[in-house]
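Shown next: my_file_35.cif, given as mmCIF, C-alpha atoms.
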data_query
#
loop_
_atom_site.label_atom_id
_atom_site.label_comp_id
_atom_site.auth_asym_id
_atom_site.auth_seq_id
_atom_site.Cartn_x
_atom_site.Cartn_y
_atom_site.Cartn_z
CA MET A 20 48.66 2.55 -25.03
CA ASP A 21 45.49 2.17 -23.00
CA THR A 22 43.68 5.21 -21.67
CA LEU A 23 44.81 4.95 -18.07
CA ASN A 24 48.45 4.57 -19.12
CA LEU A 25 48.09 7.52 -21.47
CA ILE A 26 46.69 9.63 -18.62
CA LYS A 27 49.30 8.50 -16.12
CA SER A 28 52.31 8.88 -18.41
CA ARG A 29 51.51 12.45 -19.54
CA ARG A 30 53.84 15.06 -18.10
CA SER A 31 54.42 18.78 -18.44
CA VAL A 32 57.14 19.29 -21.06
CA ARG A 33 59.16 22.50 -20.94
CA LYS A 34 62.02 21.83 -23.37
CA PHE A 35 61.45 21.13 -27.02
CA THR A 36 63.45 20.18 -30.11
CA LYS A 37 63.30 22.16 -33.37
CA TYR A 38 60.57 19.86 -34.70
CA VAL A 39 57.74 21.68 -36.46
CA ILE A 40 54.27 20.33 -35.62
CA PRO A 41 52.39 19.99 -38.93
CA ARG A 42 49.17 21.92 -39.39
CA CYS A 43 47.14 18.72 -39.70
CA THR A 44 48.27 17.77 -36.19
CA ILE A 45 47.42 21.23 -34.85
CA GLU A 46 43.98 20.81 -36.32
CA LYS A 47 43.53 17.46 -34.56
CA ILE A 48 44.71 18.95 -31.27
CA LEU A 49 42.04 21.65 -31.58
CA GLU A 50 39.51 19.00 -32.60
CA SER A 51 40.26 17.19 -29.34
CA GLY A 52 39.52 20.38 -27.45
CA ARG A 53 36.39 21.08 -29.43
CA TRP A 54 34.79 17.77 -28.38
CA ALA A 55 34.98 18.41 -24.65
CA PRO A 56 31.73 18.43 -22.68
CA SER A 57 30.32 21.70 -21.36
CA GLY A 58 27.26 22.76 -19.39
CA LEU A 59 24.26 23.10 -21.71
CA ASN A 60 26.79 22.25 -24.45
CA ASN A 61 27.66 25.96 -24.56
CA GLN A 62 31.27 25.34 -25.69
CA PRO A 63 32.73 28.55 -24.20
CA TRP A 64 36.29 27.89 -25.42
CA ARG A 65 38.03 29.87 -28.13
CA PHE A 66 41.52 29.23 -29.49
CA MET A 67 44.38 31.22 -30.91
CA VAL A 68 47.43 29.49 -32.37
CA LEU A 69 50.73 31.36 -32.24
CA GLU A 70 53.79 30.59 -34.27
CA SER A 71 57.12 32.39 -34.48
CA GLY A 72 56.21 36.10 -34.49
CA GLY A 73 53.30 36.12 -32.06
CA LYS A 74 55.02 33.60 -29.82
CA ASP A 75 57.96 35.91 -29.25
CA GLU A 76 55.68 38.84 -28.53
CA LEU A 77 53.65 36.79 -26.07
CA ALA A 78 56.87 35.78 -24.30
CA GLU A 79 57.25 39.37 -23.05
CA TYR A 80 54.26 38.88 -20.76
CA THR A 81 55.45 36.03 -18.57
CA LYS A 82 58.40 34.97 -16.51
CA TYR A 83 58.24 31.68 -18.38
CA SER A 84 59.27 33.34 -21.63
CA GLN A 85 61.93 30.70 -22.33
CA ILE A 86 59.30 27.95 -22.45
CA ILE A 87 57.22 29.97 -24.89
CA LYS A 88 60.16 30.89 -27.11
CA ASN A 89 61.46 27.33 -27.08
CA ALA A 90 58.07 25.78 -27.93
CA ASP A 91 57.14 25.18 -31.55
CA LYS A 92 53.64 26.61 -31.15
CA ILE A 93 51.35 28.03 -28.49
CA ILE A 94 47.62 27.56 -28.21
CA LEU A 95 45.98 30.35 -26.25
CA VAL A 96 42.68 29.26 -24.73
CA PHE A 97 40.08 31.92 -24.00
CA ILE A 98 36.64 31.89 -22.49
CA ASP A 99 34.09 33.74 -24.56
CA LYS A 100 32.12 35.54 -21.87
CA LYS A 101 29.26 36.03 -24.30
CA ALA A 102 28.91 32.24 -24.50
CA SER A 103 29.19 31.80 -20.74
CA TYR A 104 26.23 30.60 -18.72
CA ASN A 105 27.88 29.91 -15.39
CA TYR A 106 31.47 31.05 -14.87
CA GLU A 107 32.45 28.24 -12.47
CA LYS A 108 31.06 25.50 -14.69
CA ASP A 109 32.51 27.13 -17.78
CA LEU A 110 35.96 27.12 -16.22
CA MET A 111 35.64 23.41 -15.50
CA ALA A 112 34.54 22.84 -19.10
CA ILE A 113 37.61 24.73 -20.31
CA GLY A 114 39.75 22.56 -18.06
CA ALA A 115 38.19 19.50 -19.74
CA CYS A 116 38.89 21.02 -23.15
CA ILE A 117 42.54 21.66 -22.26
CA GLN A 118 42.96 18.16 -20.85
CA ASN A 119 41.62 16.66 -24.09
CA MET A 120 44.27 18.60 -26.00
CA LEU A 121 47.06 17.62 -23.59
CA LEU A 122 46.11 13.95 -23.87
CA TYR A 123 45.96 14.05 -27.64
CA ILE A 124 49.31 15.85 -27.80
CA HIS A 125 50.83 13.17 -25.56
CA SER A 126 49.28 10.39 -27.65
CA GLN A 127 51.18 11.77 -30.64
CA LYS A 128 54.49 11.62 -28.74
CA LEU A 129 54.51 15.39 -28.59
CA GLY A 130 54.70 17.34 -25.34
CA ALA A 131 53.04 20.36 -23.81
CA CYS A 132 53.05 22.60 -20.80
CA TRP A 133 49.87 24.22 -19.45
CA LEU A 134 50.91 27.74 -18.45
CA GLY A 135 48.82 29.73 -16.00
CA GLU A 136 51.07 32.49 -14.65
CA ILE A 137 50.58 34.40 -17.90
CA LEU A 138 46.96 35.08 -16.86
CA ASN A 139 48.33 37.90 -14.70
CA LYS A 140 48.75 39.78 -17.97
CA ARG A 141 45.51 38.78 -19.66
CA ASP A 142 44.34 42.36 -20.22
CA GLU A 143 47.63 43.37 -21.83
CA ILE A 144 47.54 40.26 -24.03
CA ASN A 145 44.04 41.16 -25.22
CA LYS A 146 45.39 44.56 -26.21
CA LEU A 147 48.41 43.03 -27.93
CA PHE A 148 46.20 40.85 -30.11
CA LYS A 149 43.40 43.42 -30.44
CA LEU A 150 40.79 41.10 -28.92
CA ASN A 151 37.33 42.06 -27.74
CA ASP A 152 36.68 42.35 -24.02
CA ASN A 153 34.36 39.35 -24.12
CA LEU A 154 37.41 37.14 -24.65
CA GLN A 155 39.33 36.35 -21.47
CA LEU A 156 42.56 34.38 -21.52
CA GLN A 157 42.40 31.20 -19.41
CA ALA A 158 45.55 29.29 -20.38
CA ALA A 159 48.50 29.08 -22.72
CA ILE A 160 49.58 25.68 -23.95
CA ALA A 161 53.20 25.55 -25.08
CA MET A 162 53.92 22.55 -27.25
CA GLY A 163 56.47 20.79 -29.40
CA LYS A 164 58.57 17.64 -29.56
CA PRO A 165 60.00 16.85 -26.11
CA ALA A 166 63.78 17.42 -25.92
CA THR A 167 64.18 15.39 -22.73
CA HIS A 168 62.85 12.16 -21.30
CA LEU A 169 59.68 12.51 -19.27
CA LYS A 170 60.29 12.23 -15.55
CA GLN A 171 58.17 10.31 -13.09
CA GLY A 172 55.24 12.40 -11.84
CA LYS A 173 54.10 12.71 -8.26
CA ARG A 174 50.59 12.65 -6.91
CA LYS A 175 48.88 12.29 -3.57
CA ASN A 176 47.83 8.75 -2.70
CA LEU A 177 44.32 7.87 -3.71
CA GLU A 178 43.30 7.14 -0.11
CA ASN A 179 44.08 10.75 0.77
CA LEU A 180 41.66 11.99 -1.89
CA ILE A 181 38.65 9.90 -0.99
CA LEU A 182 36.24 11.28 1.57
CA LYS A 183 34.91 8.69 3.98
CA ARG A 184 33.70 11.06 6.66
CA TYR A 185 30.02 10.38 6.49
CA LYS A 186 27.93 7.97 8.43
CA LEU A 187 24.75 7.23 6.55
CA GLN A 188 24.21 3.48 6.56
CA ALA A 189 27.92 2.84 6.95
CA ALA A 190 27.98 -0.56 5.29
CA SER A 191 26.59 0.48 1.94
CA HIS A 192 28.78 3.59 1.91
CA LYS A 193 32.05 1.86 2.55
CA LEU A 194 34.36 2.87 -0.23
CA LEU A 195 36.85 0.80 -2.16
CA MET B 6 40.54 3.15 -30.36
CA ASP B 7 42.90 6.09 -30.87
CA THR B 8 42.74 9.06 -28.55
CA LEU B 9 40.94 11.44 -30.87
CA ASN B 10 38.26 8.85 -31.62
CA LEU B 11 37.90 8.14 -27.91
CA ILE B 12 37.42 11.86 -27.25
CA LYS B 13 35.00 12.38 -30.12
CA SER B 14 32.87 9.31 -29.45
CA ARG B 15 32.31 10.03 -25.72
CA ARG B 16 28.76 11.15 -24.91
CA SER B 17 26.71 11.95 -21.85
CA VAL B 18 24.85 8.80 -20.83
CA ARG B 19 21.68 9.18 -18.76
CA LYS B 20 20.17 5.70 -18.84
CA PHE B 21 21.92 2.69 -17.46
CA THR B 22 21.44 -1.08 -17.20
CA LYS B 23 21.55 -2.98 -13.88
CA TYR B 24 25.25 -3.73 -14.40
CA VAL B 25 27.36 -3.25 -11.26
CA ILE B 26 30.72 -1.56 -11.88
CA PRO B 27 33.35 -3.57 -10.00
CA ARG B 28 35.40 -1.85 -7.33
CA CYS B 29 38.62 -2.39 -9.28
CA THR B 30 37.13 -0.34 -12.13
CA ILE B 31 36.01 2.40 -9.72
CA GLU B 32 39.55 2.55 -8.42
CA LYS B 33 40.93 2.97 -11.95
CA ILE B 34 38.39 5.71 -12.68
CA LEU B 35 39.59 7.59 -9.61
CA GLU B 36 43.20 6.89 -10.60
CA SER B 37 42.48 8.59 -13.93
CA GLY B 38 41.24 11.64 -12.08
CA ARG B 39 44.14 11.64 -9.66
CA TRP B 40 46.68 11.97 -12.50
CA ALA B 41 45.27 15.20 -13.90
CA PRO B 42 47.52 18.26 -14.02
CA SER B 43 46.97 21.15 -11.61
CA GLY B 44 48.62 24.48 -10.94
CA LEU B 45 51.66 24.00 -8.69
CA ASN B 46 50.57 20.34 -8.67
CA ASN B 47 48.22 21.23 -5.79
CA GLN B 48 45.67 18.49 -6.69
CA PRO B 49 42.65 20.25 -5.18
CA TRP B 50 40.19 17.44 -6.05
CA ARG B 51 38.53 15.16 -3.50
CA PHE B 52 36.18 12.29 -4.29
CA MET B 53 33.22 10.60 -2.69
CA VAL B 54 31.74 7.43 -4.20
CA LEU B 55 28.07 6.79 -3.60
CA GLU B 56 26.29 3.49 -4.00
CA SER B 57 22.69 2.52 -3.28
CA GLY B 58 21.86 4.25 0.01
CA GLY B 59 23.71 7.54 -0.42
CA LYS B 60 22.75 7.72 -4.09
CA ASP B 61 19.05 7.74 -3.24
CA GLU B 62 19.54 10.39 -0.58
CA LEU B 63 21.53 12.55 -2.98
CA ALA B 64 18.74 12.24 -5.54
CA GLU B 65 16.54 14.40 -3.32
CA TYR B 66 18.71 17.42 -4.08
CA THR B 67 18.35 17.66 -7.84
CA LYS B 68 15.72 17.69 -10.53
CA TYR B 69 17.80 15.00 -12.26
CA SER B 70 17.04 12.50 -9.54
CA GLN B 71 16.10 9.81 -12.05
CA ILE B 72 19.59 9.86 -13.56
CA ILE B 73 21.14 9.50 -10.13
CA LYS B 74 18.79 6.73 -9.03
CA ASN B 75 19.24 4.88 -12.31
CA ALA B 76 23.04 5.10 -12.28
CA ASP B 77 25.04 2.31 -10.69
CA LYS B 78 27.32 4.68 -8.80
CA ILE B 79 27.98 8.39 -8.36
CA ILE B 80 31.31 10.07 -7.90
CA LEU B 81 30.99 13.41 -6.17
CA VAL B 82 33.91 15.70 -6.96
CA PHE B 83 34.79 18.41 -4.45
CA ILE B 84 37.37 21.14 -4.32
CA ASP B 85 39.30 21.24 -1.08
CA LYS B 86 39.49 24.96 -0.45
CA LYS B 87 42.38 24.40 1.94
CA ALA B 88 44.39 23.00 -0.99
CA SER B 89 43.35 25.82 -3.31
CA TYR B 90 45.92 28.33 -4.53
CA ASN B 91 43.90 30.11 -7.22
CA TYR B 92 40.19 29.39 -7.49
CA GLU B 93 39.94 29.91 -11.27
CA LYS B 94 42.91 27.69 -12.03
CA ASP B 95 41.77 25.10 -9.51
CA LEU B 96 38.39 24.88 -11.23
CA MET B 97 40.09 24.25 -14.56
CA ALA B 98 42.24 21.57 -12.93
CA ILE B 99 39.09 19.93 -11.56
CA GLY B 100 37.61 20.04 -15.06
CA ALA B 101 40.72 18.24 -16.32
CA CYS B 102 40.35 15.67 -13.53
CA ILE B 103 36.70 15.05 -14.42
CA GLN B 104 37.49 14.75 -18.11
CA ASN B 105 40.16 12.13 -17.37
CA MET B 106 37.54 10.11 -15.52
CA LEU B 107 34.93 10.52 -18.28
CA LEU B 108 37.41 9.36 -20.90
CA TYR B 109 38.50 6.37 -18.88
CA ILE B 110 34.88 5.43 -18.20
CA HIS B 111 34.15 5.63 -21.93
CA SER B 112 37.25 3.58 -22.78
CA GLN B 113 35.79 0.78 -20.63
CA LYS B 114 32.51 0.86 -22.58
CA LEU B 115 30.81 2.34 -19.55
CA GLY B 116 28.94 5.63 -19.64
CA ALA B 117 28.65 8.72 -17.49
CA CYS B 118 26.87 12.00 -17.15
CA TRP B 119 28.54 15.10 -15.66
CA LEU B 120 25.84 16.73 -13.53
CA GLY B 121 26.12 20.39 -12.57
CA GLU B 122 22.63 21.50 -11.58
CA ILE B 123 23.08 19.76 -8.24
CA LEU B 124 25.62 22.42 -7.23
CA ASN B 125 22.64 24.62 -6.36
CA LYS B 126 22.31 22.43 -3.28
CA ARG B 127 25.97 22.09 -2.41
CA ASP B 128 25.57 23.43 1.13
CA GLU B 129 22.74 21.06 1.89
CA ILE B 130 24.75 18.15 0.48
CA ASN B 131 27.66 19.03 2.74
CA LYS B 132 25.29 18.85 5.66
CA LEU B 133 23.81 15.57 4.47
CA PHE B 134 27.25 13.96 4.36
CA LYS B 135 28.63 15.84 7.39
CA LEU B 136 31.47 17.38 5.41
CA ASN B 137 33.73 20.22 6.51
CA ASP B 138 33.17 23.67 5.06
CA ASN B 139 36.49 23.51 3.24
CA LEU B 140 34.97 20.94 0.87
CA GLN B 141 32.82 22.43 -1.87
CA LEU B 142 30.92 20.25 -4.32
CA GLN B 143 31.90 20.89 -7.97
CA ALA B 144 30.28 18.05 -9.88
CA ALA B 145 28.45 14.76 -9.65
CA ILE B 146 29.33 12.03 -12.12
CA ALA B 147 26.58 9.48 -12.60
CA MET B 148 27.84 6.28 -14.18
CA GLY B 149 26.97 2.79 -15.23
CA LYS B 150 26.59 0.58 -18.27
CA PRO B 151 24.79 2.50 -21.05
CA ALA B 152 21.25 1.22 -21.66
CA THR B 153 20.94 2.94 -25.04
CA HIS B 154 23.13 3.53 -28.07
CA LEU B 155 25.17 6.71 -27.96
CA LYS B 156 23.78 9.41 -30.23
CA GLN B 157 25.78 11.65 -32.47
CA GLY B 158 27.06 14.73 -30.61
CA LYS B 159 26.96 18.29 -31.85
CA ARG B 160 29.67 20.90 -31.66
CA LYS B 161 30.41 24.28 -33.19
CA ASN B 162 32.61 24.17 -36.28
CA LEU B 163 36.29 24.55 -35.57
CA GLU B 164 36.55 27.68 -37.71
CA ASN B 165 34.06 29.39 -35.38
CA LEU B 166 36.29 28.70 -32.39
CA ILE B 167 39.57 30.00 -33.77
CA LEU B 168 40.36 33.67 -33.28
CA LYS B 169 41.98 35.28 -36.27
CA ARG B 170 41.27 38.86 -35.33
CA TYR B 171 44.77 40.09 -34.83
CA LYS B 172 47.14 41.71 -37.24
CA LEU B 173 50.69 41.25 -36.06
CA GLN B 174 52.74 40.12 -39.04
CA ALA B 175 49.69 38.70 -40.70
CA ALA B 176 51.48 36.06 -42.73
CA SER B 177 53.15 34.25 -39.88
CA HIS B 178 49.97 34.39 -37.83
CA LYS B 179 47.70 32.92 -40.42
CA LEU B 180 46.05 29.95 -38.86
CA LEU B 181 45.29 26.55 -40.30
#
Turn the structure described in the file into structure tokens.
Amino acid sequence: MDTLNLIKSRRSVRKFTKYVIPRCTIEKILESGRWAPSGLNNQPWRFMVLESGGKDELAEYTKYSQIIKNADKIILVFIDKKASYNYEKDLMAIGACIQNMLLYIHSQKLGACWLGEILNKRDEINKLFKLNDNLQLQAAIAMGKPATHLKQGKRKNLENLILKRYKLQAASHKLL
Amino acid sequence: MDTLNLIKSRRSVRKFTKYVIPRCTIEKILESGRWAPSGLNNQPWRFMVLESGGKDELAEYTKYSQIIKNADKIILVFIDKKASYNYEKDLMAIGACIQNMLLYIHSQKLGACWLGEILNKRDEINKLFKLNDNLQLQAAIAMGKPATHLKQGKRKNLENLILKRYKLQAASHKLL
């Protein structure tokens, strides 16, 4: 599949089969994240992989507990505030890191859901896993083998995303 | 090229040939960005494509003006604060959007550099392009045909990114 098709056909997956993702695949998913770009190459991302026990405990901290329990594994993605140089740029870098993992997961015919609501309980989750204060949860990625067909996604039209409201030398600025 | 190799072989490119990226390719790059995931599917990203005239004017606002002048085109990526539902999550979504574009660019044997220092002048750039206050610059992507071979990248070892410091049912939590 070419890159644009891979990007366009990825979907959030919330129901999974009993399939167990092998550790070598988990390692490649994390590798995908590891190679994201970051400002000054500071690589502020840190990962925690949860399987059965920790997964069920984590599920107590979100209203999406069924997705977490149903998933084969969870990757928690943290920012290491000690490695941070600019919080805004670091968050974008972590978004790039997560997207790399989601694309790799999809390329392997696995599925994932990027969960954000759980950040409401980030302090409690740090306590649960006895993590230092410099680690701050930024996302949970629930993943496994999709149990359902992927539906068509919806996005705004491209023309609604492109800004044309500027008037410097109109001809050379005309877009698309 | 498989997805992991695509991700691992992407590099920041700062020197470009005179090659002109065709508009159909620009459209596919933006398509790649458009299909990123976002919280509540709010799609907070907005794009502006700069060619010769606007590119040179933009170059005045950064110490990396040579990269901008040398690039064939620039995509400015903004957050639309009106479309924002959670600033932190929106920034991660914009990072995912940018990464999609960087990967697609690389898949086409083109190159790009994600520029962040220019955000220091985001207010001035809004004035330059007569943009509403709800638009806030988040990144500039300089792109073109790479003029040099891509060097080897450097990243922290995976074992330094994985958190193992938690003790709930140690056996089931043991990672990799």
Give me the residues within 9 Å of range 156-162 of chain B as a VMD selection string, counting all atoms listed in the file and dropping any in the same chain fewer than 2 places off. (chain A and resid 53 to 54 60 to 62) or (chain B and resid 13 to 16 153 to 154 164 to 166)
Show which residues sit within 7 Å of Leu129 in chain A, as a list of chain:residue names. Count all atoms listed in the file, and ignore same-chain residues fewer than 3 positions away.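 In the requested format, the answer is A:Ile124, A:His125, A:Gly163, A:Lys164, A:Pro165.
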Taking (42.6, 25.3, -31.4) in the file's coordinates, which residues come within 9 Å, counting only C-alpha atoms, written as a compact mmCIF listing (two decimals) with C-alpha atoms, keeping the file's coordinate frame?
# COMPACT_ATOMS: atom_id res chain seq x y z
CA ILE A 45 47.42 21.23 -34.85
CA GLU A 46 43.98 20.81 -36.32
CA LYS A 47 43.53 17.46 -34.56
CA ILE A 48 44.71 18.95 -31.27
CA LEU A 49 42.04 21.65 -31.58
CA GLU A 50 39.51 19.00 -32.60
CA SER A 51 40.26 17.19 -29.34
CA GLY A 52 39.52 20.38 -27.45
CA ARG A 53 36.39 21.08 -29.43
CA ARG A 65 38.03 29.87 -28.13
CA PHE A 66 41.52 29.23 -29.49
CA MET A 67 44.38 31.22 -30.91
CA VAL A 68 47.43 29.49 -32.37
CA ILE A 94 47.62 27.56 -28.21
CA LEU A 95 45.98 30.35 -26.25
CA VAL A 96 42.68 29.26 -24.73
CA MET A 120 44.27 18.60 -26.00
CA LEU B 163 36.29 24.55 -35.57
CA LEU B 166 36.29 28.70 -32.39
CA ILE B 167 39.57 30.00 -33.77
CA LEU B 168 40.36 33.67 -33.28
As an exercise, work out the distance from CA of Thr8 in chain B to CA of Val32 in chain A in Å and give it to one decimal place. 19.2 Å
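Among the candidates B:Lys87, B:Lys126, B:Lys60, B:Lys20, the residue lying nearest to chain A is B:Lys60 (atoms considered: only C-alpha atoms).
Between CA of Gln127 in chain A and CA of Cys118 in chain B the interatomic distance comes to 27.8 Å.
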Do a neighbour search on Phe35 in chain A at 12 Å with only C-alpha atoms, toss out local chain neighbours closer than 4 positions, and write the hits as a PDB file with C-alpha atoms, keeping the file's coordinate frame.
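The result, stored in result.pdb:
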ATOM      1  CA  SER A  31      54.420  18.780 -18.440  1.00  0.00           C
ATOM      2  CA  VAL A  39      57.740  21.680 -36.460  1.00  0.00           C
ATOM      3  CA  ILE A  40      54.270  20.330 -35.620  1.00  0.00           C
ATOM      4  CA  GLN A  85      61.930  30.700 -22.330  1.00  0.00           C
ATOM      5  CA  ILE A  86      59.300  27.950 -22.450  1.00  0.00           C
ATOM      6  CA  ILE A  87      57.220  29.970 -24.890  1.00  0.00           C
ATOM      7  CA  LYS A  88      60.160  30.890 -27.110  1.00  0.00           C
ATOM      8  CA  ASN A  89      61.460  27.330 -27.080  1.00  0.00           C
ATOM      9  CA  ALA A  90      58.070  25.780 -27.930  1.00  0.00           C
ATOM     10  CA  ASP A  91      57.140  25.180 -31.550  1.00  0.00           C
ATOM     11  CA  LYS A  92      53.640  26.610 -31.150  1.00  0.00           C
ATOM     12  CA  LYS A 128      54.490  11.620 -28.740  1.00  0.00           C
ATOM     13  CA  LEU A 129      54.510  15.390 -28.590  1.00  0.00           C
ATOM     14  CA  GLY A 130      54.700  17.340 -25.340  1.00  0.00           C
ATOM     15  CA  ALA A 131      53.040  20.360 -23.810  1.00  0.00           C
ATOM     16  CA  CYS A 132      53.050  22.600 -20.800  1.00  0.00           C
ATOM     17  CA  ALA A 161      53.200  25.550 -25.080  1.00  0.00           C
ATOM     18  CA  MET A 162      53.920  22.550 -27.250  1.00  0.00           C
ATOM     19  CA  GLY A 163      56.470  20.790 -29.400  1.00  0.00           C
ATOM     20  CA  LYS A 164      58.570  17.640 -29.560  1.00  0.00           C
ATOM     21  CA  PRO A 165      60.000  16.850 -26.110  1.00  0.00           C
ATOM     22  CA  ALA A 166      63.780  17.420 -25.920  1.00  0.00           C
ATOM     23  CA  THR A 167      64.180  15.390 -22.730  1.00  0.00           C
ATOM     24  CA  HIS A 168      62.850  12.160 -21.300  1.00  0.00           C
ATOM     25  CA  LEU A 169      59.680  12.510 -19.270  1.00  0.00           C
TER      26      LEU A 169
END
